[in-house]
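Visitor: Here you go, model_17.cif (mmCIF, C-alpha atoms):
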data_coords
loop_
_atom_site.group_PDB
_atom_site.id
_atom_site.type_symbol
_atom_site.label_atom_id
_atom_site.label_comp_id
_atom_site.auth_asym_id
_atom_site.auth_seq_id
_atom_site.Cartn_x
_atom_site.Cartn_y
_atom_site.Cartn_z
ATOM 1 C CA MET A 1 -26.550 16.682 4.742
ATOM 2 C CA SER A 2 -24.106 15.485 7.434
ATOM 3 C CA ALA A 3 -20.339 15.606 6.879
ATOM 4 C CA THR A 4 -20.166 11.809 6.991
ATOM 5 C CA ARG A 5 -22.950 11.505 4.420
ATOM 6 C CA THR A 6 -21.280 14.114 2.189
ATOM 7 C CA LYS A 7 -17.962 12.221 2.273
ATOM 8 C CA THR A 8 -19.696 8.924 1.554
ATOM 9 C CA VAL A 9 -21.444 10.409 -1.479
ATOM 10 C CA ALA A 10 -18.155 11.934 -2.671
ATOM 11 C CA ALA A 11 -16.456 8.550 -2.427
ATOM 12 C CA GLN A 12 -19.260 6.911 -4.418
ATOM 13 C CA VAL A 13 -19.035 9.568 -7.133
ATOM 14 C CA TRP A 14 -15.268 9.080 -7.296
ATOM 15 C CA ARG A 15 -15.600 5.317 -7.663
ATOM 16 C CA ASN A 16 -18.271 5.525 -10.340
ATOM 17 C CA ALA A 17 -16.371 8.132 -12.348
ATOM 18 C CA HIS A 18 -12.955 6.491 -12.186
ATOM 19 C CA LEU A 19 -13.879 2.839 -12.350
ATOM 20 C CA SER A 20 -16.015 3.413 -15.428
ATOM 21 C CA GLN A 21 -12.891 4.562 -17.277
ATOM 22 C CA TRP A 22 -11.109 1.246 -16.737
ATOM 23 C CA ASN A 23 -11.559 -1.350 -19.452
ATOM 24 C CA VAL A 24 -11.678 -4.408 -17.187
ATOM 25 C CA THR A 25 -12.161 -7.730 -18.975
ATOM 26 C CA ASN A 26 -12.111 -11.499 -18.411
ATOM 27 C CA VAL A 27 -13.897 -11.312 -15.044
ATOM 28 C CA ASN A 28 -14.324 -14.698 -13.396
ATOM 29 C CA VAL A 29 -15.436 -15.357 -9.803
ATOM 30 C CA THR A 30 -15.302 -18.624 -7.878
ATOM 31 C CA ASP A 31 -16.080 -19.663 -4.300
ATOM 32 C CA SER A 32 -14.146 -22.934 -4.290
ATOM 33 C CA PRO A 33 -11.818 -23.788 -2.663
ATOM 34 C CA VAL A 34 -11.654 -20.114 -1.620
ATOM 35 C CA TRP A 35 -13.454 -16.961 -2.725
ATOM 36 C CA SER A 36 -11.459 -15.398 -5.563
ATOM 37 C CA ALA A 37 -11.956 -13.105 -8.530
ATOM 38 C CA LYS A 38 -9.774 -13.003 -11.633
ATOM 39 C CA PHE A 39 -9.818 -10.171 -14.164
ATOM 40 C CA THR A 40 -7.622 -8.171 -16.532
ATOM 41 C CA ILE A 41 -6.848 -4.470 -16.002
ATOM 42 C CA PRO A 42 -5.061 -1.871 -18.166
ATOM 43 C CA GLY A 43 -1.986 -1.943 -15.888
ATOM 44 C CA LEU A 44 0.667 0.696 -15.271
ATOM 45 C CA THR A 45 1.176 3.755 -17.501
ATOM 46 C CA HIS A 46 4.116 5.847 -18.697
ATOM 47 C CA GLU A 47 3.640 8.034 -15.602
ATOM 48 C CA SER A 48 4.222 5.056 -13.312
ATOM 49 C CA PHE A 49 8.022 5.054 -13.622
ATOM 50 C CA ASP A 50 10.679 6.946 -11.686
ATOM 51 C CA ARG A 51 13.953 8.505 -12.880
ATOM 52 C CA ASP A 52 15.719 5.138 -12.511
ATOM 53 C CA GLY A 53 13.212 3.605 -14.928
ATOM 54 C CA ASN A 54 11.632 1.519 -12.163
ATOM 55 C CA PRO A 55 7.899 1.356 -11.456
ATOM 56 C CA LYS A 56 7.091 3.779 -8.648
ATOM 57 C CA ILE A 57 5.926 1.942 -5.556
ATOM 58 C CA THR A 58 3.218 4.581 -5.106
ATOM 59 C CA SER A 59 1.868 3.765 -8.592
ATOM 60 C CA VAL A 60 1.961 0.071 -7.739
ATOM 61 C CA MET A 61 0.016 0.857 -4.559
ATOM 62 C CA LEU A 62 -2.603 2.997 -6.303
ATOM 63 C CA THR A 63 -3.040 0.463 -9.111
ATOM 64 C CA SER A 64 -3.589 -2.181 -6.453
ATOM 65 C CA VAL A 65 -6.236 -0.173 -4.614
ATOM 66 C CA ILE A 66 -8.134 0.683 -7.810
ATOM 67 C CA ALA A 67 -8.151 -2.992 -8.789
ATOM 68 C CA ARG A 68 -9.528 -3.855 -5.352
ATOM 69 C CA GLN A 69 -12.107 -1.074 -5.578
ATOM 70 C CA TYR A 70 -13.233 -2.363 -8.958
ATOM 71 C CA VAL A 71 -13.863 -5.930 -7.881
ATOM 72 C CA LEU A 72 -15.581 -4.825 -4.652
ATOM 73 C CA HIS A 73 -17.929 -2.297 -6.266
ATOM 74 C CA ARG A 74 -18.766 -3.500 -9.791
ATOM 75 C CA PRO A 75 -21.138 -6.369 -10.609
ATOM 76 C CA TYR A 76 -19.416 -9.432 -12.015
ATOM 77 C CA ASP A 77 -22.485 -11.020 -13.618
ATOM 78 C CA ASN A 78 -25.810 -10.095 -15.186
ATOM 79 C CA SER A 79 -27.654 -10.590 -11.889
ATOM 80 C CA GLY A 80 -25.763 -7.658 -10.334
ATOM 81 C CA SER A 81 -23.774 -9.776 -7.873
ATOM 82 C CA ILE A 82 -20.766 -8.016 -6.342
ATOM 83 C CA PHE A 83 -17.781 -9.853 -4.902
ATOM 84 C CA LEU A 84 -18.011 -10.540 -1.147
ATOM 85 C CA ASP A 85 -21.343 -8.649 -1.020
ATOM 86 C CA TRP A 86 -19.210 -5.591 -0.395
ATOM 87 C CA PRO A 87 -21.777 -2.774 -0.781
ATOM 88 C CA THR A 88 -24.092 -4.559 1.657
ATOM 89 C CA LEU A 89 -21.275 -5.131 4.136
ATOM 90 C CA THR A 90 -20.085 -1.517 4.087
ATOM 91 C CA GLU A 91 -23.481 0.173 4.004
ATOM 92 C CA ASP A 92 -23.451 0.827 7.763
ATOM 93 C CA ARG A 93 -19.711 0.972 8.465
ATOM 94 C CA PHE A 94 -16.352 2.244 7.267
ATOM 95 C CA THR A 95 -13.298 0.100 6.631
ATOM 96 C CA PHE A 96 -9.842 1.244 7.708
ATOM 97 C CA VAL A 97 -6.581 -0.205 6.375
ATOM 98 C CA SER A 98 -4.665 -1.193 9.494
ATOM 99 C CA SER A 99 -1.716 -2.787 7.734
ATOM 100 C CA THR A 100 -0.576 -3.779 4.280
ATOM 101 C CA GLN A 101 2.351 -5.543 2.668
ATOM 102 C CA PHE A 102 3.655 -5.516 -0.892
ATOM 103 C CA LYS A 103 5.982 -8.231 -2.177
ATOM 104 C CA MET A 104 7.700 -7.469 -5.473
ATOM 105 C CA SER A 105 9.469 -9.804 -7.889
ATOM 106 C CA ARG A 106 12.655 -8.919 -9.761
ATOM 107 C CA SER A 107 10.742 -9.168 -13.032
ATOM 108 C CA LEU A 108 8.761 -6.059 -12.049
ATOM 109 C CA TYR A 109 12.002 -4.112 -12.517
ATOM 110 C CA THR A 110 13.037 -5.845 -15.751
ATOM 111 C CA PRO A 111 12.547 -3.291 -18.563
ATOM 112 C CA VAL A 112 11.570 -5.903 -21.173
ATOM 113 C CA THR A 113 8.766 -7.289 -18.989
ATOM 114 C CA PRO A 114 5.458 -5.737 -20.101
ATOM 115 C CA LYS A 115 3.648 -3.873 -17.345
ATOM 116 C CA TRP A 116 0.345 -3.535 -19.180
ATOM 117 C CA PRO A 117 -2.168 -5.025 -19.382
ATOM 118 C CA LEU A 118 -2.104 -7.056 -16.153
ATOM 119 C CA ASP A 119 -4.008 -10.101 -14.960
ATOM 120 C CA VAL A 120 -5.247 -9.799 -11.377
ATOM 121 C CA GLU A 121 -6.242 -12.496 -8.913
ATOM 122 C CA PHE A 122 -8.032 -11.017 -5.904
ATOM 123 C CA VAL A 123 -8.494 -13.586 -3.137
ATOM 124 C CA LEU A 124 -10.266 -13.470 0.202
ATOM 125 C CA GLY A 125 -7.545 -13.969 2.793
ATOM 126 C CA PHE A 126 -9.045 -14.275 6.262
ATOM 127 C CA VAL A 127 -12.217 -13.214 8.087
ATOM 128 C CA GLY A 128 -11.915 -12.471 11.794
ATOM 129 C CA ASN A 129 -14.275 -10.892 14.300
ATOM 130 C CA SER A 130 -13.869 -7.224 13.318
ATOM 131 C CA SER A 131 -11.238 -7.407 10.584
ATOM 132 C CA MET A 132 -10.466 -9.227 7.371
ATOM 133 C CA ALA A 133 -7.561 -9.754 4.995
ATOM 134 C CA SER A 134 -7.330 -10.025 1.236
ATOM 135 C CA VAL A 135 -4.549 -10.981 -1.169
ATOM 136 C CA SER A 136 -4.067 -9.481 -4.641
ATOM 137 C CA HIS A 137 -1.676 -10.985 -7.200
ATOM 138 C CA PHE A 138 -0.696 -8.993 -10.304
ATOM 139 C CA TYR A 139 0.665 -10.887 -13.306
ATOM 140 C CA ASN A 140 2.040 -10.011 -16.701
ATOM 141 C CA GLU A 141 -0.940 -10.840 -18.934
ATOM 142 C CA GLY A 142 -1.088 -14.549 -19.626
ATOM 143 C CA LYS A 143 1.852 -15.362 -17.317
ATOM 144 C CA THR A 144 0.836 -16.977 -14.028
ATOM 145 C CA LEU A 145 4.026 -18.639 -12.757
ATOM 146 C CA GLU A 146 5.173 -15.661 -10.676
ATOM 147 C CA PRO A 147 3.277 -12.439 -9.930
ATOM 148 C CA LEU A 148 4.977 -9.130 -10.666
ATOM 149 C CA TRP A 149 3.792 -8.113 -7.221
ATOM 150 C CA THR A 150 1.449 -9.257 -4.471
ATOM 151 C CA GLN A 151 -0.412 -7.146 -1.940
ATOM 152 C CA ILE A 152 -1.729 -8.463 1.370
ATOM 153 C CA ASN A 153 -4.227 -6.044 2.886
ATOM 154 C CA GLN A 154 -5.757 -5.978 6.368
ATOM 155 C CA LEU A 155 -9.003 -4.041 6.880
ATOM 156 C CA VAL A 156 -10.761 -3.208 10.142
ATOM 157 C CA SER A 157 -14.520 -2.718 10.384
ATOM 158 C CA ILE A 158 -15.173 0.765 11.858
ATOM 159 C CA ASP A 159 -18.359 2.142 13.392
ATOM 160 C CA LYS A 160 -19.368 5.320 11.549
ATOM 161 C CA THR A 161 -20.375 7.119 14.738
ATOM 162 C CA THR A 162 -17.792 6.076 17.312
ATOM 163 C CA ARG A 163 -14.939 5.641 14.783
ATOM 164 C CA LYS A 164 -13.923 2.527 16.716
ATOM 165 C CA PRO A 165 -13.632 -1.121 15.582
ATOM 166 C CA THR A 166 -16.941 -2.939 15.410
ATOM 167 C CA PRO A 167 -17.624 -6.651 14.762
ATOM 168 C CA LEU A 168 -18.363 -7.795 11.245
ATOM 169 C CA PRO A 169 -22.030 -8.797 10.821
ATOM 170 C CA GLN A 170 -22.807 -12.408 11.605
ATOM 171 C CA TRP A 171 -24.244 -13.101 8.143
ATOM 172 C CA PHE A 172 -20.914 -12.084 6.601
ATOM 173 C CA LYS A 173 -18.883 -14.301 8.939
ATOM 174 C CA ASP A 174 -21.265 -17.222 8.383
ATOM 175 C CA LYS A 175 -20.828 -16.955 4.615
ATOM 176 C CA TYR A 176 -17.134 -16.120 4.289
ATOM 177 C CA ALA A 177 -15.207 -17.193 7.409
ATOM 178 C CA GLY A 178 -12.988 -20.168 6.606
ATOM 179 C CA LYS A 179 -13.271 -19.530 2.854
ATOM 180 C CA GLY A 180 -9.998 -17.606 2.528
ATOM 181 C CA CYS A 181 -6.417 -18.519 1.675
ATOM 182 C CA MET A 182 -4.864 -17.475 5.025
ATOM 183 C CA ASP A 183 -5.053 -19.104 8.457
ATOM 184 C CA LYS A 184 -4.814 -15.703 10.177
ATOM 185 C CA GLY A 185 -4.883 -12.022 9.307
ATOM 186 C CA LEU A 186 -1.907 -9.835 8.434
ATOM 187 C CA ILE A 187 -0.244 -8.717 11.652
ATOM 188 C CA ILE A 188 2.379 -5.957 11.425
ATOM 189 C CA LYS A 189 3.280 -4.758 14.887
ATOM 190 C CA PRO A 190 4.596 -1.246 15.596
ATOM 191 C CA PHE A 191 8.344 -1.066 16.209
ATOM 192 C CA ASP A 192 10.458 1.141 18.445
ATOM 193 C CA ARG A 193 11.917 4.330 17.021
ATOM 194 C CA PRO A 194 15.547 4.978 18.008
ATOM 195 C CA SER A 195 16.835 8.350 19.160
ATOM 196 C CA LEU A 196 19.125 8.601 16.117
ATOM 197 C CA THR A 197 17.057 9.276 12.967
ATOM 198 C CA TYR A 198 16.927 11.616 9.998
ATOM 199 C CA ASN A 199 13.859 13.871 10.180
ATOM 200 C CA HIS A 200 12.057 15.143 7.089
ATOM 201 C CA SER A 201 9.154 17.506 7.855
ATOM 202 C CA VAL A 202 6.090 17.717 5.602
ATOM 203 C CA VAL A 203 2.677 19.378 5.519
ATOM 204 C CA VAL A 204 -0.248 17.299 4.267
ATOM 205 C CA ARG A 205 -1.401 18.897 1.021
ATOM 206 C CA TRP A 206 -4.697 18.489 -0.807
ATOM 207 C CA SER A 207 -3.032 16.193 -3.363
ATOM 208 C CA ASP A 208 -1.910 13.914 -0.502
ATOM 209 C CA THR A 209 -5.478 13.184 0.613
ATOM 210 C CA ASP A 210 -8.407 11.018 -0.401
ATOM 211 C CA ASN A 211 -12.136 11.725 -0.673
ATOM 212 C CA TYR A 212 -12.516 11.603 3.103
ATOM 213 C CA ASN A 213 -9.872 14.347 3.536
ATOM 214 C CA HIS A 214 -7.601 11.733 5.126
ATOM 215 C CA THR A 215 -4.031 11.265 3.998
ATOM 216 C CA ASN A 216 -3.906 8.749 1.148
ATOM 217 C CA PHE A 217 -2.334 5.451 2.177
ATOM 218 C CA ALA A 218 0.415 5.821 -0.450
ATOM 219 C CA SER A 219 1.425 9.339 0.631
ATOM 220 C CA TYR A 220 3.229 8.029 3.714
ATOM 221 C CA VAL A 221 5.455 5.912 1.473
ATOM 222 C CA HIS A 222 6.000 8.845 -0.899
ATOM 223 C CA TRP A 223 7.234 10.979 2.006
ATOM 224 C CA THR A 224 9.415 8.170 3.327
ATOM 225 C CA ILE A 225 11.151 7.704 -0.018
ATOM 226 C CA ASN A 226 11.725 11.461 -0.327
ATOM 227 C CA ALA A 227 13.162 11.469 3.202
ATOM 228 C CA ILE A 228 15.598 8.684 2.267
ATOM 229 C CA HIS A 229 16.790 10.543 -0.838
ATOM 230 C CA GLU A 230 17.059 13.800 1.093
ATOM 231 C CA ALA A 231 19.184 12.061 3.747
ATOM 232 C CA ILE A 232 21.484 10.613 1.077
ATOM 233 C CA LEU A 233 21.811 14.052 -0.528
ATOM 234 C CA MET A 234 22.721 15.577 2.812
ATOM 235 C CA GLN A 235 25.303 12.877 3.358
ATOM 236 C CA GLU A 236 26.845 13.697 -0.023
ATOM 237 C CA LYS A 237 26.913 17.408 0.789
ATOM 238 C CA LYS A 238 28.420 16.639 4.160
ATOM 239 C CA LYS A 239 31.234 14.656 2.545
ATOM 240 C CA SER A 240 31.953 17.558 0.213
ATOM 241 C CA SER A 241 32.078 19.932 3.217
ATOM 242 C CA ASN A 242 29.246 22.081 1.869
ATOM 243 C CA VAL A 243 27.228 21.764 5.054
ATOM 244 C CA SER A 244 27.957 21.606 8.742
ATOM 245 C CA ALA A 245 29.144 18.275 10.094
ATOM 246 C CA ASP A 246 26.375 18.506 12.691
ATOM 247 C CA SER A 247 23.559 18.884 10.169
ATOM 248 C CA LEU A 248 22.947 15.138 9.837
ATOM 249 C CA PRO A 249 23.543 12.256 12.234
ATOM 250 C CA SER A 250 26.409 10.363 10.646
ATOM 251 C CA ASN A 251 24.948 6.909 11.142
ATOM 252 C CA ALA A 252 21.165 7.341 10.959
ATOM 253 C CA LEU A 253 21.317 5.748 7.499
ATOM 254 C CA PRO A 254 24.730 4.060 7.464
ATOM 255 C CA GLY A 255 24.252 1.645 4.565
ATOM 256 C CA ILE A 256 21.638 2.808 2.084
ATOM 257 C CA ARG A 257 22.907 4.151 -1.240
ATOM 258 C CA LYS A 258 21.340 5.298 -4.480
ATOM 259 C CA ASP A 259 22.543 2.191 -6.300
ATOM 260 C CA ILE A 260 20.754 -0.013 -3.741
ATOM 261 C CA ILE A 261 17.531 1.977 -4.173
ATOM 262 C CA ALA A 262 17.876 1.630 -7.959
ATOM 263 C CA ASN A 263 17.692 -2.158 -7.552
ATOM 264 C CA GLY A 264 14.002 -1.709 -6.680
ATOM 265 C CA LEU A 265 11.855 -2.477 -3.661
ATOM 266 C CA LYS A 266 11.583 -6.128 -2.700
ATOM 267 C CA ASP A 267 9.243 -5.833 0.273
ATOM 268 C CA LEU A 268 7.168 -3.031 1.764
ATOM 269 C CA GLN A 269 5.338 -3.269 5.091
ATOM 270 C CA ILE A 270 3.115 -0.531 6.500
ATOM 271 C CA CYS A 271 1.347 -0.251 9.842
ATOM 272 C CA TYR A 272 -1.309 2.477 9.975
ATOM 273 C CA LEU A 273 -1.949 3.632 13.530
ATOM 274 C CA LYS A 274 -3.898 6.900 13.262
ATOM 275 C CA GLU A 275 -5.122 9.325 10.619
ATOM 276 C CA SER A 276 -3.816 12.679 9.447
ATOM 277 C CA LEU A 277 -5.637 15.435 7.570
ATOM 278 C CA GLU A 278 -4.994 18.164 5.038
ATOM 279 C CA GLY A 279 -3.004 21.040 6.523
ATOM 280 C CA GLN A 280 -1.456 19.071 9.382
ATOM 281 C CA SER A 281 2.310 19.061 9.930
ATOM 282 C CA LEU A 282 4.081 15.715 10.129
ATOM 283 C CA ASP A 283 7.620 14.557 10.853
ATOM 284 C CA VAL A 284 9.004 11.676 8.806
ATOM 285 C CA HIS A 285 11.817 9.891 10.650
ATOM 286 C CA VAL A 286 13.989 7.392 8.752
ATOM 287 C CA TRP A 287 16.812 5.194 10.002
ATOM 288 C CA GLN A 288 18.698 1.927 9.553
ATOM 289 C CA LYS A 289 20.275 -0.749 11.655
ATOM 290 C CA ASN A 290 24.017 -1.037 11.097
ATOM 291 C CA ASP A 291 23.832 -4.556 9.647
ATOM 292 C CA GLU A 292 20.929 -3.947 7.240
ATOM 293 C CA ASP A 293 22.221 -1.970 4.247
ATOM 294 C CA ASN A 294 19.151 -2.645 2.104
ATOM 295 C CA ILE A 295 16.459 -2.100 4.776
ATOM 296 C CA VAL A 296 15.125 1.284 5.908
ATOM 297 C CA CYS A 297 12.606 1.938 8.677
ATOM 298 C CA SER A 298 10.364 4.970 8.882
ATOM 299 C CA SER A 299 7.999 6.408 11.439
ATOM 300 C CA ILE A 300 5.666 9.301 10.628
ATOM 301 C CA LEU A 301 4.688 11.455 13.593
ATOM 302 C CA ARG A 302 1.961 14.031 14.179
ATOM 303 C CA GLY A 303 2.504 16.150 17.243
ATOM 304 C CA GLY A 304 5.158 13.757 18.493
ATOM 305 C CA GLU A 305 2.879 10.711 18.202
ATOM 306 C CA ASP A 306 3.515 7.843 15.772
ATOM 307 C CA ILE A 307 0.656 7.566 13.266
ATOM 308 C CA CYS A 308 2.243 5.360 10.589
ATOM 309 C CA GLN A 309 5.289 3.113 10.362
ATOM 310 C CA VAL A 310 6.939 1.845 7.200
ATOM 311 C CA LYS A 311 9.616 -0.760 6.541
ATOM 312 C CA LEU A 312 11.237 -0.912 3.100
ATOM 313 C CA GLU A 313 13.516 -3.690 1.914
ATOM 314 C CA TYR A 314 15.376 -3.209 -1.369
ATOM 315 C CA PHE A 315 16.752 -5.928 -3.614
ATOM 316 C CA THR A 316 20.471 -6.551 -3.416
ATOM 317 C CA SER A 317 22.340 -6.561 -6.706
ATOM 318 C CA LEU A 318 22.569 -9.827 -8.607
ATOM 319 C CA GLU A 319 26.357 -9.587 -8.271
ATOM 320 C CA ASP A 320 26.080 -9.396 -4.496
ATOM 321 C CA GLU A 321 23.740 -12.380 -4.419
ATOM 322 C CA MET A 322 26.142 -14.426 -6.547
ATOM 323 C CA ALA A 323 29.003 -13.468 -4.217
ATOM 324 C CA ILE A 324 27.022 -14.687 -1.198
ATOM 325 C CA MET A 325 26.247 -17.989 -2.940
#
Go ahead and express the file in the form of structure tokens.

Guide:
Amino acid sequence: MSATRTKTVAAQVWRNAHLSQWNVTNVNVTDSPVWSAKFTIPGLTHESFDRDGNPKITSVMLTSVIARQYVLHRPYDNSGSIFLDWPTLTEDRFTFVSSTQFKMSRSLYTPVTPKWPLDVEFVLGFVGNSSMASVSHFYNEGKTLEPLWTQINQLVSIDKTTRKPTPLPQWFKDKYAGKGCMDKGLIIKPFDRPSLTYNHSVVVRWSDTDNYNHTNFASYVHWTINAIHEAILMQEKKKSSNVSADSLPSNALPGIRKDIIANGLKDLQICYLKESLEGQSLDVHVWQKNDEDNIVCSSILRGGEDICQVKLEYFTSLEDEMAIM
């Protein structure tokens, strides 16, 4: 059995095993005015929260991808229909996440707001020539005025042999193009990395990877957040004269503080450029612009080449917002 076939089978086993453990209910699919699927999922768990009591963004990301996997791989009616004909579409190709964005509401970080179960609305976003976008809204069960968070996801159709983008099949474009909620796909362009950054080195471990042995899409964010906290810690040590003044560039992260991070992430944008594998060494560079205290940029490098870029925007405090108003 070829390596590609082995990985495909492993992914199918993973989906069947994990998705069968989710008690998904209230599934409803419509094709008008756009293709959308609504359903209820268990939601976050007690392991989904960090030391500040906030939902971990990595848990939010993984919950989002499992919800998407469910609706794209499980029949939604007795005839065996699957949303967007996904198994047929992906039978002869891979899909690669080229970019994704998460938009969080303040209520996600409000302790009294229930985080389980959750109502999900998964909507077709846009169908292009070789890529497509989708939008996922996650609501507190029964509350549909404002989602706790929204994910916009851009996928590229990849040829299994050449590993290069390949056009979506014509039958798929004929059926679904123009039936999404977006007038164009999600475009997150790579940004320039300055010379002044804080560098956090990592090695891709088994637990950082997916069934294809590629780094999981949430691991890059996990490393970025650890790099930010490590940089803050080094700044604190530097101020207490416990480390050399040359150990950390003084203004690589001039404005970010722990209290800003504790406010919770407001917006997360990720541009995936290339893959990384188990055992490879990566460098995670983080930095800020002087006038953006609540925004941090990150670029993850393999062998000196950018393979992923991340931009995190944290909420400002309510007191700061009132002062601005």

Visitor: Do you know which residues the PyMOL selection byres ((chain A and resi 286) around 7) returns on this file, as a ChimeraX atom specification?

Guide: /A:197-199,227-228,284-285,287,296-299

Visitor: With all atoms listed in the file as the atoms that count, which of A:Glu292, A:Thr25, A:Leu196, A:Phe138 lies nearest to Val65 in chain A?

Guide: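 The answer is A:Phe138, which sits nearest to Val65 in chain A.
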
Visitor: Selection in question (the file shown): the PyMOL selection byres ((chain A and resi 86-99) around 10). Which residues does it include, as a ChimeraX atom specification?

Guide: /A:8,69,71-74,81-85,100-101,130-133,152-161,163-166,168-169,171-172,185-189,217,269-275,308-310

Visitor: Expressed in Å to a single decimal, how great is the separation between CA of Asn226 in chain A and CA of Ile256 in chain A?

Guide: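 Atom-to-atom, CA of Asn226 in chain A and CA of Ile256 in chain A are spaced 13.4 Å apart.
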
Visitor: Give the answer as one residue: which of A:Asp52, A:Asp174, A:Asp283, A:Glu141 has the shortest atom-to-atom distance to Thr40 in chain A, using all atoms listed in the file?

Guide: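 Among A:Asp52, A:Asp174, A:Asp283, A:Glu141, it is A:Glu141 that comes nearest to Thr40 in chain A.
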
Visitor: Find the distance between CA of Ser276 in chain A and CA of Pro55 in chain A and write it in Å to one decimal.

Guide: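 A separation of 26.5 Å between them.
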
Visitor: Enumerate, as an NGL selection string, the protein, DNA and RNA residues whose atoms approach (-14.2, -16.6, 6.8) to within 9 Å, taking into account only C-alpha atoms and the coordinate frame of the file.

Guide: :A and (124-128 or 132 or 172-180)

Visitor: As a ChimeraX atom specification, please: the residues near range 46-48 of chain A (cut-off 12 Å, only C-alpha atoms, same-chain neighbours under 6 positions excluded).

Guide: /A:54-63,114-116

Visitor: From the options A:His222, A:Arg205, A:Lys184, A:Lys38, which residue's atoms come nearest to Gly279 in chain A, counting only C-alpha atoms?

Guide: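 With only C-alpha atoms as the atom set, the closest residue is A:Arg205.
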
Visitor: Between A:Val135, A:Ile41, A:Met234, A:Ile300, single out the one closest to Pro190 in chain A, counting only C-alpha atoms.

Guide: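 Going through A:Val135, A:Ile41, A:Met234, A:Ile300 one by one, the smallest distance to Pro190 in chain A is for A:Ile300.
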
Visitor: Report as a PyMOL selection string the full result of the PyMOL selection byres ((chain A and resi 257-265) around 6) when it is applied to this structure.

Guide: chain A and resi 256+266-267+313-315

Visitor: What separation in Å, quoted to one decimal, exists between CA of Ser195 in chain A and CA of Leu277 in chain A?

Guide: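 Computed distance, CA of Ser195 in chain A to CA of Leu277 in chain A, equals 26.3 Å.
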